Every structure is written in structure tokens, then in C-alpha cells.
Amino acid sequence: MQRKAVRRILPGIAMLTALVAGASGLTGCTSGSGGGSDSDSKAGDSTTVPAPPGKYRSLPSPCKAADGKRLKAMLPAAATLTEEQRVQLYAGTADTSYDGDRHVGCRWTAQTPEETRLLSVGFERVVSYDRSTASDDDKARQVYVRRLTDAHLPFPGPAATGSPGAAPGTAPAAAPATSPAANPATGPSAGSSTAPGPGASVPPPELGSRVLEGLGTEAFVDDKLSAAGASAAQARTVRIVFRTSNVIVTVEYSVQPSLPGTVPSSSETQDKARQLAQALVERFND
């Protein structure tokens, strides 16, 4: 009886052992296959290195960006102002800003019996929210190009070579149609009723809007005269926009004469605005 029982038990144990061994082998095979798949997927992954942040992480105070001597040259004060009023004039008025590290500005106004002069300075720090696709500098350049396009100036490059007032080093652009300023080669503008007599001074030619060279990373000037009749005073507004790394700087300078027939000089107005812009470039490079 015992031998028969042993003979019945042994085959059962052998079968159970075989089943357990097979299940273990199947499990091991599955685990090995999954491990190989994970290894392969990790090996195929490529890590995208984000572009470094822009050079500038904050912005200076625009109301203190220009020195007092330069402001006084651009904004002559009326002789009737008190010392307190002069201090207030050159202190400027800050623009409302909800993020001082991203966008700030300041404005000044100076009035005399002969004219009104306005000046504004604005700083915008551009940030790329996805530096895996574009750096802060790339985004800032996109903003600059949009403003260049809005000013109806050609994009600087090989295609713009030879365009009046477009590429660096080209001759000044022709006078705008609204400008009564004369060109020495052609005489007075069509709005003038008589030609200047002997010894009469001829107004300097219009410099016009154009791309600027040697100002920040890239820059342009937008020069406009208000539309007015020949007998009325015309206001000139010069706007200079330049980029330095990931910051866009805008300088806007306006001269509004009170005397009829007065036209602010293009060269003088642009020169003052550009000198201020150059000082701001140096301020950012400090």
C-alpha cells in the first residue's frame, strides 16, 4: 500500500515542479524583455539644452538714466520758472508700470514762449517663455524687427543695400513730402512762394528716417514732421529705437515751435536724440 501511494505522489510532485519552473521562466523572460525596452527608450531620448537667459535681468530707472546737463540742453526751461519748478521739470514723470523689471518709462515737458519740447525714454526687457525654441535675445530681435517694419523701413541686409536711408553708410533719405525744408540742390520747397534772395540762408536738408549704424546691437531713427500749412509752425518728432541684447530702448524727442512758419532742424533734433541714445547704450554697458 505504501509503495502504491509513493508511486502516485511522485509523478504529481514532478508535474508541479515542472509547472512552477515553467512559470518562473516565463516571468523571467517577460521581465527581461521589459528591461530591454526601457533601456532602449532611454538611449533614444535627447535632452534639449535651453538657451541661456538674456544679458539683462532688470532695468535701470529711466528718470535717472540721463544726466542733468544733457536734459537741460534738450529741454531749455523758461526763465520765469522757480528753482523748485526747474528741479521738478528735470526730475521727469515716471510712466505707470505694473512690472518694473519688464517695462518702464519716463517723460519730460519744457515750455517757453517760443516752443514746447517733449522727451520720453522707455526700456523694455524681453523674455522668452520657451528658451528651448528661442533665446531672450532672439525674442528681443523679433520685437525690434516689428518696430522697424511699423516705421516702414526696410529690413537691414543684402536686399536693402543701396536703398536710400536703409543700409548703414548710405546717403541720407530724401525730404518727406510734408517737409517744407529746401534741398540745396533743388531750391525751396513747393510750398514757398518766392525763392530766397542773395545771401539768404538755405535750410539744411532733411536727414529722414533710416537705419542707424554703431548704436547698440541694431537701431533706427524715425523722423516725422506734423502736417501743416507753410504759414503754420510744424512740430518735429524724432524717435530712436535700438536694441542691446534682450532690451529694447526707445527715445522720443519732439520740438513744437510757437512761431508760424518755423520748422525745427532735422539735423539738430536728430543729433540731440542720438547723443542721448548713445549715452543710454553706455549706461547699459557699464
# chains A, B, ... in the order shown; residues from 1 in each chain; ligands from 1
call {"tool": "residues_around", "arguments": {"residues": "Ala94 (chain A)", "least_positions_apart": "3", "cutoff": "7 Å", "atoms": "only C-alpha atoms", "output": "PDB file with N, CA and C atoms, in the first residue's frame"}}
result
ATOM      1  N   CYS A  63      14.020 107.648 -15.355  1.00  0.00           N
ATOM      2  CA  CYS A  63      14.056 109.063 -14.986  1.00  0.00           C
ATOM      3  C   CYS A  63      15.440 109.513 -14.542  1.00  0.00           C
ATOM      4  N   GLY A 105       9.293 103.610 -18.088  1.00  0.00           N
ATOM      5  CA  GLY A 105       9.477 104.786 -18.932  1.00  0.00           C
ATOM      6  C   GLY A 105       9.414 106.066 -18.121  1.00  0.00           C
ATOM      7  N   CYS A 106       9.847 107.162 -18.740  1.00  0.00           N
ATOM      8  CA  CYS A 106       9.823 108.464 -18.074  1.00  0.00           C
ATOM      9  C   CYS A 106       9.598 109.547 -19.129  1.00  0.00           C
ATOM     10  N   ARG A 107       8.942 110.666 -18.714  1.00  0.00           N
ATOM     11  CA  ARG A 107       8.611 111.755 -19.641  1.00  0.00           C
ATOM     12  C   ARG A 107       8.980 113.102 -19.041  1.00  0.00           C
TER      13      ARG A 107
END
call {"tool": "closest_residue", "arguments": {"among": "A:Thr244, A:Gln256, A:Ser135, A:Thr269", "to": "Val49 (chain A)", "atoms": "only C-alpha atoms"}}
result
A:Ser135
call {"tool": "atom_distance", "arguments": {"atom1": "CA of Ala235 (chain A)", "atom2": "CA of Thr250 (chain A)"}}
result
19.0 Å
call {"tool": "atom_distance", "arguments": {"atom1": "CA of Asn246 (chain A)", "atom2": "CA of Thr109 (chain A)"}}
result
28.9 Å
call {"tool": "residues_around", "arguments": {"residues": "Asn285 (chain A)", "least_positions_apart": "3", "cutoff": "12 Å", "atoms": "only C-alpha atoms", "output": "ChimeraX atom specification"}}
result
/A:55-56,60,215-217,244-245,247,278-282
call {"tool": "residues_around", "arguments": {"residues": "Thr116 (chain A)", "least_positions_apart": "2", "cutoff": "7 Å", "atoms": "only C-alpha atoms", "output": "list in words"}}
result
Ala110, Gln111, Thr112, Leu118, Val255, Gln256 and Pro257 of chain A
call {"tool": "write_last_selection", "arguments": {"atoms": "C-alpha atoms", "output": "CSV table (one decimal), in the first residue's frame"}}
result
chain,number,residue,atom,x,y,z
A,110,ALA,CA,9.6,122.0,-21.1
A,111,GLN,CA,7.7,125.1,-22.3
A,112,THR,CA,8.9,128.5,-23.3
A,118,LEU,CA,8.8,116.8,-25.1
A,255,VAL,CA,10.1,120.1,-30.8
A,256,GLN,CA,6.9,122.1,-31.3
A,257,PRO,CA,7.6,125.8,-32.2
call {"tool": "residues_around", "arguments": {"residues": "Ser58 (chain A)", "least_positions_apart": "5", "cutoff": "10 Å", "atoms": "only C-alpha atoms", "output": "number ranges by chain"}}
result
A: 100-103, 124-125, 247
call {"tool": "closest_residue", "arguments": {"among": "A:Arg86, A:Ser254, A:Ala73, A:Phe220", "to": "Asp150 (chain A)", "atoms": "only C-alpha atoms"}}
result
A:Phe220
call {"tool": "closest_residue", "arguments": {"among": "A:Val221, A:Ser265, A:Arg239, A:Arg117", "to": "Lys72 (chain A)", "atoms": "only C-alpha atoms"}}
result
A:Arg117
call {"tool": "closest_residue", "arguments": {"among": "A:Pro260, A:Arg57, A:Val126, A:Met74", "to": "Tyr144 (chain A)", "atoms": "only C-alpha atoms"}}
result
A:Val126
call {"tool": "residues_around", "arguments": {"residues": "Pro50 (chain A)", "least_positions_apart": "5", "cutoff": "12 Å", "atoms": "only C-alpha atoms", "output": "number ranges by chain"}}
result
A: 128-136
call {"tool": "select_by_dssp", "arguments": {"residues": "region 219-270 of chain A", "states": "helix (DSSP H, G or I)", "output": "ChimeraX atom specification"}}
result
/A:266-270
call {"tool": "atom_distance", "arguments": {"atom1": "CA of Ala79 (chain A)", "atom2": "CA of Leu259 (chain A)"}}
result
18.3 Å
call {"tool": "residues_around", "arguments": {"residues": "Ala277 (chain A)", "least_positions_apart": "6", "cutoff": "10 Å", "atoms": "only C-alpha atoms", "output": "list in words"}}
result
Ala66, Val121, Leu215, Gly216, Ala219, Ile240, Val241, Phe242, Val249, Thr250, Val251, Glu252, Asp271 and Arg283 of chain A
call {"tool": "write_last_selection", "arguments": {"atoms": "N, CA and C atoms", "output": "mmCIF file, in the first residue's frame"}}
result
data_model
loop_
_atom_site.group_PDB
_atom_site.id
_atom_site.type_symbol
_atom_site.label_atom_id
_atom_site.label_comp_id
_atom_site.auth_asym_id
_atom_site.auth_seq_id
_atom_site.Cartn_x
_atom_site.Cartn_y
_atom_site.Cartn_z
ATOM 1 N N ALA A 66 19.351 109.691 -17.802
ATOM 2 C CA ALA A 66 20.025 110.800 -18.487
ATOM 3 C C ALA A 66 20.572 111.783 -17.462
ATOM 4 N N VAL A 121 11.639 108.468 -22.570
ATOM 5 C CA VAL A 121 12.583 107.356 -22.639
ATOM 6 C C VAL A 121 11.862 106.116 -22.133
ATOM 7 N N LEU A 215 25.038 102.027 -33.075
ATOM 8 C CA LEU A 215 24.235 102.365 -31.896
ATOM 9 C C LEU A 215 23.626 101.087 -31.342
ATOM 10 N N GLY A 216 24.181 100.592 -30.236
ATOM 11 C CA GLY A 216 23.684 99.347 -29.682
ATOM 12 C C GLY A 216 23.939 98.185 -30.633
ATOM 13 N N ALA A 219 19.782 99.548 -34.630
ATOM 14 C CA ALA A 219 18.991 100.736 -34.296
ATOM 15 C C ALA A 219 18.453 101.390 -35.554
ATOM 16 N N ILE A 240 14.067 107.315 -31.797
ATOM 17 C CA ILE A 240 15.175 106.391 -31.997
ATOM 18 C C ILE A 240 14.889 105.120 -31.202
ATOM 19 N N VAL A 241 14.963 103.995 -31.882
ATOM 20 C CA VAL A 241 14.757 102.691 -31.244
ATOM 21 C C VAL A 241 16.030 101.881 -31.445
ATOM 22 N N PHE A 242 16.564 101.357 -30.354
ATOM 23 C CA PHE A 242 17.720 100.483 -30.503
ATOM 24 C C PHE A 242 17.598 99.287 -29.568
ATOM 25 N N VAL A 249 15.230 99.851 -26.294
ATOM 26 C CA VAL A 249 15.204 101.205 -25.753
ATOM 27 C C VAL A 249 14.587 102.137 -26.791
ATOM 28 N N THR A 250 13.669 102.987 -26.344
ATOM 29 C CA THR A 250 13.028 103.967 -27.227
ATOM 30 C C THR A 250 13.243 105.369 -26.676
ATOM 31 N N VAL A 251 13.792 106.242 -27.509
ATOM 32 C CA VAL A 251 13.970 107.654 -27.170
ATOM 33 C C VAL A 251 13.120 108.462 -28.139
ATOM 34 N N GLU A 252 12.206 109.269 -27.625
ATOM 35 C CA GLU A 252 11.351 110.096 -28.479
ATOM 36 C C GLU A 252 11.502 111.556 -28.066
ATOM 37 N N ASP A 271 20.384 114.926 -33.817
ATOM 38 C CA ASP A 271 21.675 114.868 -33.129
ATOM 39 C C ASP A 271 21.487 114.810 -31.611
ATOM 40 N N ARG A 283 25.261 103.417 -20.697
ATOM 41 C CA ARG A 283 24.715 103.130 -19.352
ATOM 42 C C ARG A 283 24.439 101.631 -19.220
#
call {"tool": "closest_residue", "arguments": {"among": "A:Pro62, A:Gly54, A:Gly122, A:Pro113", "to": "Pro76 (chain A)", "atoms": "only C-alpha atoms"}}
result
A:Pro113
